[in-house]
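Novice: Pasting structure08.txt below, which is compact mmCIF, C-alpha atoms and all ligand atoms.
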```txt
# COMPACT_ATOMS: atom_id res chain seq x y z
CA MET A 16 22.09 31.46 10.24
CA THR A 17 22.52 28.25 8.29
CA GLU A 18 22.36 26.07 11.40
CA ASN A 19 18.67 26.66 11.78
CA PHE A 20 17.88 26.85 8.09
CA LEU A 21 14.89 24.60 7.39
CA THR A 22 13.94 23.33 3.96
CA LEU A 23 10.61 21.78 3.04
CA GLY A 24 11.18 19.10 0.37
CA ILE A 25 8.41 17.81 -1.91
CA GLU A 26 8.63 14.76 -4.17
CA THR A 27 5.82 13.44 -6.40
CA SER A 28 7.64 12.21 -9.50
CA CYS A 29 6.13 8.72 -9.56
CA ASP A 30 4.07 6.74 -7.05
CA GLU A 31 5.21 8.19 -3.74
CA THR A 32 3.75 11.38 -2.29
CA SER A 33 6.50 12.61 -0.03
CA ALA A 34 7.31 15.67 2.07
CA SER A 35 10.17 16.28 4.46
CA VAL A 36 11.67 18.98 6.65
CA VAL A 37 15.46 19.00 6.77
CA ARG A 38 17.70 21.24 8.88
CA GLY A 39 20.82 22.34 7.00
CA SER A 40 22.05 19.81 4.46
CA ARG A 41 21.44 16.52 6.25
CA GLU A 42 19.51 16.60 9.52
CA VAL A 43 16.16 15.00 8.72
CA LEU A 44 13.50 16.37 11.10
CA SER A 45 10.69 14.54 9.33
CA SER A 46 10.21 12.36 6.28
CA ILE A 47 6.72 11.34 5.24
CA VAL A 48 6.47 8.89 2.35
CA ALA A 49 2.95 7.88 1.34
CA SER A 50 3.40 4.91 -1.00
CA GLN A 51 0.73 3.87 -3.45
CA PHE A 52 1.47 0.13 -3.53
CA ASP A 53 -2.14 -0.63 -2.60
CA LEU A 54 -3.36 1.32 -5.62
CA HIS A 55 -1.07 -0.14 -8.30
CA SER A 56 -0.27 -3.66 -7.13
CA LYS A 57 -3.16 -5.33 -8.95
CA TYR A 58 -1.91 -3.82 -12.22
CA GLY A 59 1.69 -4.97 -11.66
CA GLY A 60 3.02 -1.43 -12.28
CA VAL A 61 2.26 2.26 -11.82
CA VAL A 62 -0.91 3.55 -13.51
CA PRO A 63 -0.15 7.28 -14.11
CA GLU A 64 -3.78 8.46 -13.96
CA LEU A 65 -4.32 6.76 -10.59
CA ALA A 66 -0.97 7.99 -9.27
CA CYS A 67 -1.84 11.61 -10.11
CA ARG A 68 -5.26 11.46 -8.51
CA ARG A 69 -3.80 10.04 -5.31
CA HIS A 70 -1.08 12.74 -5.20
CA LEU A 71 -3.75 15.39 -5.59
CA GLU A 72 -5.89 13.87 -2.85
CA ILE A 73 -3.20 13.65 -0.20
CA ILE A 74 -0.41 16.13 -0.88
CA GLU A 75 -1.69 18.75 1.52
CA LYS A 76 -2.04 16.18 4.33
CA VAL A 77 1.42 14.77 3.63
CA VAL A 78 3.01 18.23 3.85
CA GLN A 79 1.08 18.99 7.06
CA SER A 80 2.26 15.65 8.55
CA SER A 81 5.85 16.56 7.71
CA PHE A 82 5.41 19.83 9.65
CA ASP A 83 3.75 18.03 12.59
CA GLU A 84 6.45 15.35 12.81
CA ALA A 85 9.20 17.99 12.63
CA LYS A 86 7.30 20.16 15.14
CA VAL A 87 7.56 23.23 12.93
CA THR A 88 5.11 25.74 11.48
CA ASP A 89 5.05 27.71 8.21
CA ASP A 90 7.04 30.50 9.82
CA ASP A 91 10.00 28.21 10.50
CA ILE A 92 10.48 27.18 6.86
CA ASN A 93 13.21 29.05 4.95
CA LEU A 94 13.12 27.34 1.55
CA VAL A 95 10.85 25.10 -0.53
CA ALA A 96 12.52 22.48 -2.75
CA VAL A 97 10.58 20.35 -5.23
CA VAL A 98 11.45 17.78 -7.87
CA HIS A 99 10.51 19.04 -11.35
CA GLY A 100 11.82 16.16 -13.44
CA PRO A 101 12.31 13.54 -14.70
CA GLY A 102 9.18 11.54 -13.91
CA LEU A 103 5.50 11.25 -14.78
CA ILE A 104 4.60 14.73 -15.98
CA GLY A 105 1.13 14.76 -14.39
CA ALA A 106 2.54 13.55 -11.09
CA LEU A 107 5.39 16.09 -11.16
CA LEU A 108 2.95 18.91 -11.90
CA ILE A 109 1.03 18.25 -8.72
CA GLY A 110 4.14 18.55 -6.55
CA VAL A 111 5.42 21.55 -8.47
CA MET A 112 2.12 23.43 -8.44
CA PHE A 113 1.62 22.75 -4.74
CA ALA A 114 5.17 23.92 -3.99
CA LYS A 115 4.73 27.04 -6.13
CA ALA A 116 1.44 27.94 -4.50
CA TYR A 117 2.86 27.34 -1.04
CA ALA A 118 6.03 29.33 -1.74
CA VAL A 119 4.16 32.27 -3.28
CA SER A 120 1.52 32.46 -0.56
CA SER A 121 4.04 32.19 2.27
CA GLY A 122 6.74 34.33 0.65
CA LYS A 123 9.44 31.63 0.67
CA PRO A 124 12.08 31.07 -1.99
CA LEU A 125 11.52 28.05 -4.21
CA ILE A 126 13.96 25.76 -5.97
CA GLY A 127 13.28 23.07 -8.60
CA LEU A 128 15.51 19.99 -8.62
CA ASN A 129 16.38 16.98 -10.73
CA HIS A 130 15.16 13.69 -9.24
CA LEU A 131 18.29 11.78 -10.30
CA GLU A 132 20.60 14.33 -8.76
CA ALA A 133 18.59 14.01 -5.54
CA HIS A 134 19.14 10.22 -5.61
CA LEU A 135 22.91 10.75 -5.83
CA TYR A 136 22.72 13.38 -3.11
CA SER A 137 20.99 10.85 -0.80
CA THR A 138 24.33 9.00 -0.72
CA VAL A 139 26.31 12.17 0.06
CA MET A 140 23.71 12.99 2.73
CA SER A 141 24.29 9.62 4.41
CA HIS A 142 28.07 9.93 4.87
CA GLU A 143 30.17 12.62 6.49
CA LYS A 144 33.13 12.53 4.12
CA ILE A 145 33.34 11.15 0.61
CA ALA A 146 36.51 11.50 -1.44
CA PHE A 147 36.22 12.84 -5.01
CA PRO A 148 36.61 12.29 -7.94
CA ALA A 149 33.89 9.67 -7.81
CA ILE A 150 31.71 7.51 -10.00
CA GLY A 151 27.96 7.96 -9.52
CA LEU A 152 25.61 5.06 -10.26
CA ILE A 153 21.84 5.51 -10.32
CA VAL A 154 19.84 2.32 -10.03
CA SER A 155 16.12 2.98 -9.85
CA GLY A 156 12.82 1.86 -11.32
CA GLY A 157 13.12 4.31 -14.20
CA HIS A 158 16.87 4.78 -14.65
CA THR A 159 20.21 3.03 -14.77
CA SER A 160 22.97 5.56 -15.37
CA LEU A 161 26.65 5.95 -14.69
CA TYR A 162 28.33 9.34 -14.16
CA TYR A 163 31.82 10.64 -13.64
CA MET A 164 31.79 13.18 -10.79
CA PRO A 165 35.04 15.21 -10.72
CA GLU A 166 33.67 16.89 -7.59
CA ASN A 167 30.46 16.87 -5.59
CA GLY A 168 27.69 18.43 -7.71
CA LYS A 169 29.39 17.97 -11.11
CA TYR A 170 28.33 15.18 -13.45
CA LYS A 171 29.42 13.79 -16.78
CA LEU A 172 27.19 11.05 -18.15
CA LEU A 173 29.20 7.93 -19.07
CA GLY A 174 26.35 5.61 -20.00
CA SER A 175 22.78 4.60 -19.29
CA THR A 176 20.37 1.83 -20.12
CA VAL A 177 19.46 1.38 -23.75
CA ASP A 178 16.17 -0.32 -22.83
CA ASP A 179 14.78 -1.30 -19.40
CA ALA A 180 16.04 0.11 -16.09
CA VAL A 181 17.43 -2.34 -13.55
CA GLY A 182 14.60 -1.75 -11.03
CA GLU A 183 12.07 -2.21 -13.81
CA SER A 184 13.64 -5.60 -14.62
CA PHE A 185 13.31 -6.63 -10.95
CA ASP A 186 9.63 -5.64 -11.09
CA LYS A 187 8.99 -7.48 -14.36
CA VAL A 188 10.80 -10.65 -13.32
CA ALA A 189 8.92 -10.62 -10.00
CA SER A 190 5.68 -10.50 -11.93
CA LEU A 191 6.83 -13.44 -14.12
CA LEU A 192 7.50 -15.41 -10.94
CA GLY A 193 4.13 -14.48 -9.46
CA LEU A 194 5.68 -12.27 -6.76
CA PRO A 195 3.83 -9.10 -5.73
CA TYR A 196 4.59 -5.52 -6.82
CA PRO A 197 6.99 -3.80 -6.23
CA GLY A 198 9.19 -6.69 -7.24
CA GLY A 199 12.61 -5.55 -6.04
CA PRO A 200 12.31 -6.36 -2.34
CA ASN A 201 10.42 -9.59 -3.10
CA ILE A 202 13.04 -10.84 -5.55
CA GLU A 203 15.73 -10.03 -2.97
CA GLN A 204 13.84 -11.96 -0.30
CA SER A 205 13.21 -14.94 -2.58
CA ALA A 206 16.83 -14.98 -3.84
CA ARG A 207 18.17 -15.18 -0.30
CA THR A 208 17.38 -18.89 -0.08
CA GLY A 209 17.87 -19.67 -3.78
CA ASP A 210 20.97 -20.98 -5.53
CA ALA A 211 22.24 -18.68 -8.29
CA GLU A 212 24.54 -21.40 -9.60
CA LYS A 213 21.60 -23.56 -10.62
CA VAL A 214 20.12 -21.09 -13.11
CA LYS A 215 22.57 -18.93 -15.05
CA PHE A 216 21.35 -15.93 -17.02
CA PRO A 217 23.26 -13.74 -19.52
CA LEU A 218 25.00 -10.59 -18.32
CA GLY A 219 23.69 -7.72 -20.50
CA MET A 220 26.36 -5.80 -22.46
CA ILE A 221 29.09 -7.06 -20.16
CA LYS A 222 31.68 -7.42 -22.90
CA LYS A 223 30.86 -4.14 -24.61
CA LYS A 224 33.38 -1.39 -24.00
CA SER A 225 30.65 1.18 -23.47
CA TYR A 226 29.20 2.11 -20.10
CA ASN A 227 25.67 1.57 -21.34
CA PHE A 228 23.44 -1.07 -19.80
CA SER A 229 20.76 -3.39 -21.15
CA TYR A 230 18.20 -5.31 -19.12
CA ALA A 231 15.63 -6.31 -21.76
CA GLY A 232 17.61 -9.41 -22.80
CA LEU A 233 17.94 -10.62 -19.22
CA LYS A 234 14.21 -10.20 -18.66
CA THR A 235 13.48 -12.14 -21.86
CA ALA A 236 15.88 -14.90 -20.81
CA VAL A 237 13.95 -15.26 -17.56
CA LEU A 238 10.67 -15.25 -19.50
CA TYR A 239 11.93 -18.08 -21.75
CA HIS A 240 13.13 -20.01 -18.74
CA VAL A 241 9.77 -19.66 -16.99
CA LYS A 242 7.55 -20.28 -20.00
CA GLY A 243 9.79 -22.80 -21.76
CA HIS A 244 11.37 -22.41 -25.22
CA GLY A 245 8.81 -23.48 -27.76
CA LYS A 246 7.68 -26.21 -25.39
CA ALA A 247 4.20 -26.45 -23.96
CA LYS A 248 3.76 -23.28 -21.97
CA THR A 249 4.06 -23.51 -18.24
CA ASP A 250 3.39 -20.65 -15.88
CA ALA A 251 4.64 -19.28 -12.63
CA ASN A 252 2.14 -21.04 -10.42
CA ILE A 253 3.23 -24.52 -11.45
CA ILE A 254 6.95 -23.91 -10.99
CA ALA A 255 8.17 -25.41 -7.73
CA GLU A 256 8.84 -22.83 -5.00
CA ASN A 257 12.48 -23.90 -4.79
CA GLU A 258 13.02 -23.41 -8.48
CA LYS A 259 11.45 -19.94 -8.27
CA LYS A 260 14.01 -19.05 -5.62
CA ASP A 261 16.84 -20.30 -7.82
CA ILE A 262 15.53 -18.26 -10.75
CA ALA A 263 15.27 -15.17 -8.53
CA ALA A 264 18.84 -15.73 -7.30
CA GLY A 265 20.20 -16.34 -10.81
CA PHE A 266 18.44 -13.26 -12.17
CA GLN A 267 19.57 -11.06 -9.27
CA GLN A 268 23.16 -12.16 -9.62
CA ALA A 269 23.20 -11.40 -13.35
CA ALA A 270 21.47 -8.03 -12.88
CA LEU A 271 23.79 -6.87 -10.10
CA THR A 272 27.08 -8.21 -11.47
CA VAL A 273 26.84 -5.95 -14.51
CA LEU A 274 26.33 -2.90 -12.29
CA ALA A 275 29.36 -3.71 -10.17
CA ASN A 276 31.62 -4.56 -13.11
CA LYS A 277 30.83 -1.38 -15.03
CA ALA A 278 31.04 0.90 -11.98
CA PHE A 279 34.43 -0.44 -10.87
CA LYS A 280 35.74 -0.42 -14.43
CA ALA A 281 34.78 3.24 -14.72
CA ALA A 282 36.41 3.97 -11.35
CA GLU A 283 39.64 2.47 -12.62
CA GLU A 284 39.54 4.30 -15.95
CA PHE A 285 38.78 7.69 -14.39
CA GLY A 286 40.96 7.32 -11.30
CA ALA A 287 37.94 7.68 -8.99
CA LYS A 288 38.41 7.33 -5.25
CA SER A 289 34.78 6.49 -4.49
CA ILE A 290 31.64 5.05 -6.02
CA LEU A 291 28.28 6.56 -5.02
CA VAL A 292 25.23 4.37 -5.56
CA GLY A 293 21.72 5.84 -5.35
CA GLY A 294 18.11 4.89 -6.18
CA GLY A 295 15.63 2.22 -5.09
CA VAL A 296 17.78 -0.79 -6.05
CA ALA A 297 20.55 0.55 -3.77
CA ARG A 298 18.42 -0.83 -0.95
CA ASN A 299 19.29 -4.37 -2.09
CA ASN A 300 21.66 -6.04 0.38
CA ALA A 301 23.15 -8.42 -2.19
CA LEU A 302 24.18 -5.33 -4.21
CA ARG A 303 25.75 -3.77 -1.13
CA GLU A 304 27.69 -6.96 -0.35
CA LEU A 305 28.88 -7.28 -3.93
CA PHE A 306 30.18 -3.68 -3.96
CA GLU A 307 31.79 -4.13 -0.55
CA LYS A 308 33.68 -7.21 -1.73
CA LYS A 309 34.86 -5.43 -4.86
CA SER A 310 35.80 -2.36 -2.82
CA LEU A 311 38.21 -4.39 -0.75
CA LYS A 312 39.76 -5.92 -3.85
CA LYS A 313 40.03 -2.73 -5.91
CA GLY A 314 40.73 -0.19 -3.17
CA VAL A 315 37.85 2.10 -4.21
CA ARG A 316 35.25 2.73 -1.53
CA ALA A 317 31.58 2.28 -2.38
CA TYR A 318 28.95 4.39 -0.59
CA PHE A 319 25.22 3.69 -0.32
CA PRO A 320 22.41 5.84 1.10
CA ARG A 321 20.84 5.00 4.44
CA PRO A 322 18.13 2.40 3.62
CA GLU A 323 15.23 4.83 4.14
CA LEU A 324 16.81 7.28 1.67
CA CYS A 325 17.13 4.75 -1.20
CA THR A 326 13.62 4.67 -2.60
CA ASP A 327 11.85 7.91 -3.48
CA ASN A 328 11.69 10.37 -0.60
CA ALA A 329 11.60 14.13 -0.09
CA ALA A 330 14.42 14.27 2.49
CA MET A 331 17.03 13.91 -0.27
CA VAL A 332 15.23 16.69 -2.14
CA ALA A 333 15.24 19.07 0.82
CA GLY A 334 18.94 18.36 1.55
CA LEU A 335 19.96 18.95 -2.05
CA GLY A 336 17.77 22.06 -2.21
CA TYR A 337 19.66 23.54 0.73
CA ILE A 338 23.07 22.84 -0.87
CA LYS A 339 22.07 24.37 -4.19
CA TYR A 340 20.40 27.39 -2.66
CA MET A 341 23.38 28.15 -0.41
CA LYS A 342 25.72 27.95 -3.38
CA ASP A 343 23.57 30.23 -5.49
CA PRO A 344 20.44 31.81 -3.98
CA SER A 345 19.42 33.01 -7.42
CA SER A 346 19.26 29.40 -8.66
CA SER A 347 15.58 29.05 -7.88
CA GLY A 348 13.41 28.77 -10.97
CA PHE A 349 11.75 26.16 -13.08
CA ASP A 350 11.78 24.31 -16.28
CA PHE A 351 9.81 21.21 -17.04
CA ASP A 352 12.70 19.37 -18.56
CA ALA A 353 11.87 15.70 -19.04
CA ASP A 354 15.44 14.80 -19.99
CA PRO A 355 16.16 11.61 -18.04
CA ASN A 356 19.81 12.45 -17.57
CA ILE A 357 21.37 14.94 -15.24
CA ARG A 358 22.68 17.55 -17.61
CA SER A 359 25.92 19.22 -16.84
CA LEU A 360 25.30 21.27 -13.74
CA LYS A 361 27.35 24.23 -12.69
O1 LIG B 401 14.20 5.15 -6.80
P1 LIG B 401 12.88 4.48 -6.79
O2 LIG B 401 12.09 4.50 -5.52
O3 LIG B 401 11.93 5.06 -7.88
C1 LIG B 401 12.38 5.52 -9.13
O4 LIG B 401 12.95 6.64 -9.18
O5 LIG B 401 12.19 4.75 -10.10
O6 LIG B 401 13.14 2.98 -7.25
C2 LIG B 401 12.11 2.05 -7.29
C3 LIG B 401 12.68 0.73 -7.78
C4 LIG B 401 11.63 -0.32 -8.06
O7 LIG B 401 11.85 -0.86 -9.33
C5 LIG B 401 11.84 -1.33 -6.95
O8 LIG B 401 11.51 -2.66 -7.33
C6 LIG B 401 13.35 -1.21 -6.72
O9 LIG B 401 13.59 0.18 -6.79
N1 LIG B 401 13.75 -1.72 -5.41
C7 LIG B 401 14.57 -2.79 -5.24
C8 LIG B 401 14.66 -3.02 -3.84
N2 LIG B 401 13.88 -2.09 -3.21
C9 LIG B 401 13.33 -1.31 -4.18
N3 LIG B 401 15.23 -3.54 -6.13
C10 LIG B 401 15.99 -4.54 -5.66
N4 LIG B 401 16.10 -4.85 -4.34
C11 LIG B 401 15.46 -4.12 -3.41
N5 LIG B 401 15.57 -4.42 -2.12
ZN ZN B 402 13.59 7.63 -7.78
```
The structure given in the file should be rewritten as structure tokens.
Ligand code: KG4
Ligand code: ZN

Specialist:
Amino acid sequence: MTENFLTLGIETSCDETSASVVRGSREVLSSIVASQFDLHSKYGGVVPELACRRHLEIIEKVVQSSFDEAKVTDDDINLVAVVHGPGLIGALLIGVMFAKAYAVSSGKPLIGLNHLEAHLYSTVMSHEKIAFPAIGLIVSGGHTSLYYMPENGKYKLLGSTVDDAVGESFDKVASLLGLPYPGGPNIEQSARTGDAEKVKFPLGMIKKKSYNFSYAGLKTAVLYHVKGHGKAKTDANIIAENEKKDIAAGFQQAALTVLANKAFKAAEEFGAKSILVGGGVARNNALRELFEKKSLKKGVRAYFPRPELCTDNAAMVAGLGYIKYMKDPSSSGFDFDADPNIRSLK
């Protein structure tokens, strides 16, 4: 029965309206991601009111496209899975209300999921076998958190950012350098031909024993470097292109090194066999290379999601929905918990 079990996933927690049909736990039949870059880029960040209106406008079309691409109809769907937090509450409500209405009118079971857990599941979904215990690292635009995972589906929070998230710092530094939104991919591109050795930035909370992170200081250090300490103010458009690339490379190295150091340190302390990295920043190739290098040295394997499953998408939601529902069909239900951390899950 499970082989043909199809889950419709819906994700609207921030600025992507996404729907996906997944067979079983990992076979993606369709994944539609309608990004809103066009809408928010001139503001340099997501404007919640605009994001919500766009979700409302297109959600029905996005879900229909996910059915068309998967070549399925309403009758084929066995479960509806939707992200109910954390995220922008107005944006979440649109996905949740659509999913509820759809589930009720079509008589399907419905399950509400945590966005961060879905990000970690995107890594599990991308690899056949992962050894546990593991360390889970979420690196997204809204979160930077480290978890101990004694087994798949169990989480103990070890630390998280005390200020900005790592993806947020990529976006803010990109804006300081005059690079377009979203900043992550543009910083990565710019850093590729820059020299990180030429501009060194501080590594946030690297010496602290805790597993918390901090990115506000790094962002401010870049700001001071770009604008000049107490000197006559310069701005991004009069910095030479080469120097911008060096700044991007120096920033990226500092931002990523902290992630790798803390994740591998936690792996050692907790005797983890694997490290699972999920979230938008997991798309960054410099991060992947850094973890690969450390993996070889430390003998702990690092796993990343397939590139298309890194940034927000509904395929990870549908896959996780299937796993949770199969474990406990009575688990469907909702709360509107805005707690940014995955709480202990049974
Ligand atoms: O997971 P995600 O799509 O949304 C949240 O849940 O926040 O992550 C979006 C974040 C943005 O900050 C974006 O700049 C960053 O992921 N990002 C990257 C890359 N691609 C996306 N950061 C660094 N390098 C990338 N290639
Ligand atoms: Zn996300």

Novice: What does the distance from atom CA of Val37 of chain A to atom C1 of ligand LIG 401 (chain B) come to in Å, to one decimal?

Specialist: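 Going from atom CA of Val37 of chain A over to atom C1 of ligand LIG 401 (chain B), I get 21.1 Å.
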
Novice: Got a sec: who's within 8 Å of segment 75-87 of chain A, counting all atoms listed in the file, leaving out chain neighbours fewer than 3 positions off, as an NGL selection string?

Specialist: :A and (25 or 32-36 or 44-49 or 72 or 90-92)

Novice: With all atoms listed in the file counted and 7 Å as the cut-off, give the residues of chain A in contact with ligand ZN 402 (chain B), each with its shortest interatomic distance in Å and the pair that gives it, as a Markdown table.

Specialist:
```
| residue | atom | partner | partner_atom | distance |
| --- | --- | --- | --- | --- |
| A:His130 | CA | B:ZN402 | ZN | 6.4 |
| A:Leu131 | CA | B:ZN402 | ZN | 6.8 |
| A:His134 | CA | B:ZN402 | ZN | 6.5 |
| A:Ser155 | CA | B:ZN402 | ZN | 5.7 |
| A:Gly156 | CA | B:ZN402 | ZN | 6.8 |
| A:Gly294 | CA | B:ZN402 | ZN | 5.5 |
| A:Gly295 | CA | B:ZN402 | ZN | 6.4 |
| A:Thr326 | CA | B:ZN402 | ZN | 6.0 |
| A:Asp327 | CA | B:ZN402 | ZN | 4.6 |
```

Novice: Report as a list in words all protein, DNA and RNA residues lying within 12 Å of Leu218 of chain A, evaluated on all atoms listed in the file, omitting residues in the same chain fewer than 5 positions from it.

Specialist: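 The contact residues come out as Lys223, Phe228, Ser229, Tyr230, Ala231, Gly232, Leu233, Lys234, Ala236, Gly265, Phe266, Gln267, Gln268, Ala269, Ala270, Leu271, Thr272, Val273, Leu274, Ala275, Asn276 and Lys277 of chain A.
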
Novice: With distances taken over all atoms listed in the file, which of A:Thr22, A:Asn227, A:Ser121, A:Ser190 is nearest to ligand LIG 401 (chain B)?

Specialist: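 Among the listed residues, A:Ser190 lies closest to ligand LIG 401 (chain B).
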
Novice: Go through A:Asn167, A:Asn257, A:Ser50, A:Ser56 one by one, measure the shortest atom-to-atom distance of each to Pro148 of chain A using only C-alpha atoms, and give the residue with the smallest value.

Specialist: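 Of A:Asn167, A:Asn257, A:Ser50, A:Ser56, the one nearest Pro148 of chain A is A:Asn167, counting only C-alpha atoms.
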
Novice: Give one line per residue of chain A that approaches ligand LIG 401 (chain B) to at most 9 Å, naming the two atoms of the closest pair and their distance in Å to one decimal, counting only C-alpha atoms and all ligand atoms; sort by chain then ascending residue number and deliver it as JSON lines.

Specialist:
```
{"residue": "A:Ser28", "atom": "CA", "partner": "B:LIG401", "partner_atom": "O4", "distance": 7.7}
{"residue": "A:Cys29", "atom": "CA", "partner": "B:LIG401", "partner_atom": "C1", "distance": 7.0}
{"residue": "A:Asp30", "atom": "CA", "partner": "B:LIG401", "partner_atom": "O3", "distance": 8.1}
{"residue": "A:Glu31", "atom": "CA", "partner": "B:LIG401", "partner_atom": "O2", "distance": 8.0}
{"residue": "A:Pro101", "atom": "CA", "partner": "B:LIG401", "partner_atom": "O4", "distance": 8.9}
{"residue": "A:Gly102", "atom": "CA", "partner": "B:LIG401", "partner_atom": "O4", "distance": 7.8}
{"residue": "A:His130", "atom": "CA", "partner": "B:LIG401", "partner_atom": "O4", "distance": 7.4}
{"residue": "A:Leu131", "atom": "CA", "partner": "B:LIG401", "partner_atom": "O4", "distance": 7.5}
{"residue": "A:His134", "atom": "CA", "partner": "B:LIG401", "partner_atom": "O1", "distance": 7.2}
{"residue": "A:Ile153", "atom": "CA", "partner": "B:LIG401", "partner_atom": "O1", "distance": 8.4}
{"residue": "A:Val154", "atom": "CA", "partner": "B:LIG401", "partner_atom": "O1", "distance": 7.1}
{"residue": "A:Ser155", "atom": "CA", "partner": "B:LIG401", "partner_atom": "O6", "distance": 4.0}
{"residue": "A:Gly156", "atom": "CA", "partner": "B:LIG401", "partner_atom": "O5", "distance": 3.2}
{"residue": "A:Gly157", "atom": "CA", "partner": "B:LIG401", "partner_atom": "O5", "distance": 4.2}
{"residue": "A:His158", "atom": "CA", "partner": "B:LIG401", "partner_atom": "O5", "distance": 6.5}
{"residue": "A:Ala180", "atom": "CA", "partner": "B:LIG401", "partner_atom": "O7", "distance": 8.0}
{"residue": "A:Val181", "atom": "CA", "partner": "B:LIG401", "partner_atom": "O7", "distance": 7.2}
{"residue": "A:Gly182", "atom": "CA", "partner": "B:LIG401", "partner_atom": "O7", "distance": 3.4}
{"residue": "A:Glu183", "atom": "CA", "partner": "B:LIG401", "partner_atom": "O7", "distance": 4.7}
{"residue": "A:Ser184", "atom": "CA", "partner": "B:LIG401", "partner_atom": "O7", "distance": 7.3}
{"residue": "A:Phe185", "atom": "CA", "partner": "B:LIG401", "partner_atom": "O8", "distance": 5.7}
{"residue": "A:Asp186", "atom": "CA", "partner": "B:LIG401", "partner_atom": "O8", "distance": 5.2}
{"residue": "A:Lys187", "atom": "CA", "partner": "B:LIG401", "partner_atom": "O7", "distance": 8.8}
{"residue": "A:Ala189", "atom": "CA", "partner": "B:LIG401", "partner_atom": "O8", "distance": 8.8}
{"residue": "A:Tyr196", "atom": "CA", "partner": "B:LIG401", "partner_atom": "O8", "distance": 7.5}
{"residue": "A:Pro197", "atom": "CA", "partner": "B:LIG401", "partner_atom": "O8", "distance": 4.8}
{"residue": "A:Gly198", "atom": "CA", "partner": "B:LIG401", "partner_atom": "O8", "distance": 4.7}
{"residue": "A:Gly199", "atom": "CA", "partner": "B:LIG401", "partner_atom": "N3", "distance": 3.3}
{"residue": "A:Pro200", "atom": "CA", "partner": "B:LIG401", "partner_atom": "N5", "distance": 3.8}
{"residue": "A:Asn201", "atom": "CA", "partner": "B:LIG401", "partner_atom": "N5", "distance": 7.4}
{"residue": "A:Ile202", "atom": "CA", "partner": "B:LIG401", "partner_atom": "N4", "distance": 6.8}
{"residue": "A:Glu203", "atom": "CA", "partner": "B:LIG401", "partner_atom": "N4", "distance": 5.4}
{"residue": "A:Gln204", "atom": "CA", "partner": "B:LIG401", "partner_atom": "N5", "distance": 7.9}
{"residue": "A:Gln267", "atom": "CA", "partner": "B:LIG401", "partner_atom": "C10", "distance": 8.3}
{"residue": "A:Gly293", "atom": "CA", "partner": "B:LIG401", "partner_atom": "O1", "distance": 7.7}
{"residue": "A:Gly294", "atom": "CA", "partner": "B:LIG401", "partner_atom": "O1", "distance": 4.0}
{"residue": "A:Gly295", "atom": "CA", "partner": "B:LIG401", "partner_atom": "O9", "distance": 3.3}
{"residue": "A:Val296", "atom": "CA", "partner": "B:LIG401", "partner_atom": "N3", "distance": 3.8}
{"residue": "A:Ala297", "atom": "CA", "partner": "B:LIG401", "partner_atom": "C8", "distance": 6.9}
{"residue": "A:Arg298", "atom": "CA", "partner": "B:LIG401", "partner_atom": "N5", "distance": 4.7}
{"residue": "A:Asn299", "atom": "CA", "partner": "B:LIG401", "partner_atom": "N5", "distance": 3.7}
{"residue": "A:Asn300", "atom": "CA", "partner": "B:LIG401", "partner_atom": "N5", "distance": 6.8}
{"residue": "A:Ala301", "atom": "CA", "partner": "B:LIG401", "partner_atom": "N4", "distance": 8.2}
{"residue": "A:Leu302", "atom": "CA", "partner": "B:LIG401", "partner_atom": "N4", "distance": 8.1}
{"residue": "A:Cys325", "atom": "CA", "partner": "B:LIG401", "partner_atom": "O1", "distance": 6.3}
{"residue": "A:Thr326", "atom": "CA", "partner": "B:LIG401", "partner_atom": "O2", "distance": 3.3}
{"residue": "A:Asp327", "atom": "CA", "partner": "B:LIG401", "partner_atom": "O2", "distance": 4.0}
{"residue": "A:Asn328", "atom": "CA", "partner": "B:LIG401", "partner_atom": "O2", "distance": 7.7}
```

Novice: Pull out segment 59-71 of chain A, keep C-alpha atoms, and write it as a PDB file, in the first residue's frame.

Specialist:
```
ATOM      1  CA  GLY A  59      16.729  44.082  -0.029  1.00  0.00           C
ATOM      2  CA  GLY A  60      14.681  41.633   2.076  1.00  0.00           C
ATOM      3  CA  VAL A  61      11.274  39.994   2.434  1.00  0.00           C
ATOM      4  CA  VAL A  62       8.325  42.361   2.969  1.00  0.00           C
ATOM      5  CA  PRO A  63       5.771  40.199   4.877  1.00  0.00           C
ATOM      6  CA  GLU A  64       2.659  41.997   3.598  1.00  0.00           C
ATOM      7  CA  LEU A  65       3.750  41.565  -0.036  1.00  0.00           C
ATOM      8  CA  ALA A  66       4.783  37.949   0.560  1.00  0.00           C
ATOM      9  CA  CYS A  67       1.345  37.080   1.978  1.00  0.00           C
ATOM     10  CA  ARG A  68      -0.550  38.718  -0.854  1.00  0.00           C
ATOM     11  CA  ARG A  69       1.516  36.839  -3.431  1.00  0.00           C
ATOM     12  CA  HIS A  70       0.968  33.506  -1.623  1.00  0.00           C
ATOM     13  CA  LEU A  71      -2.755  34.159  -1.618  1.00  0.00           C
TER      14      LEU A  71
END
```
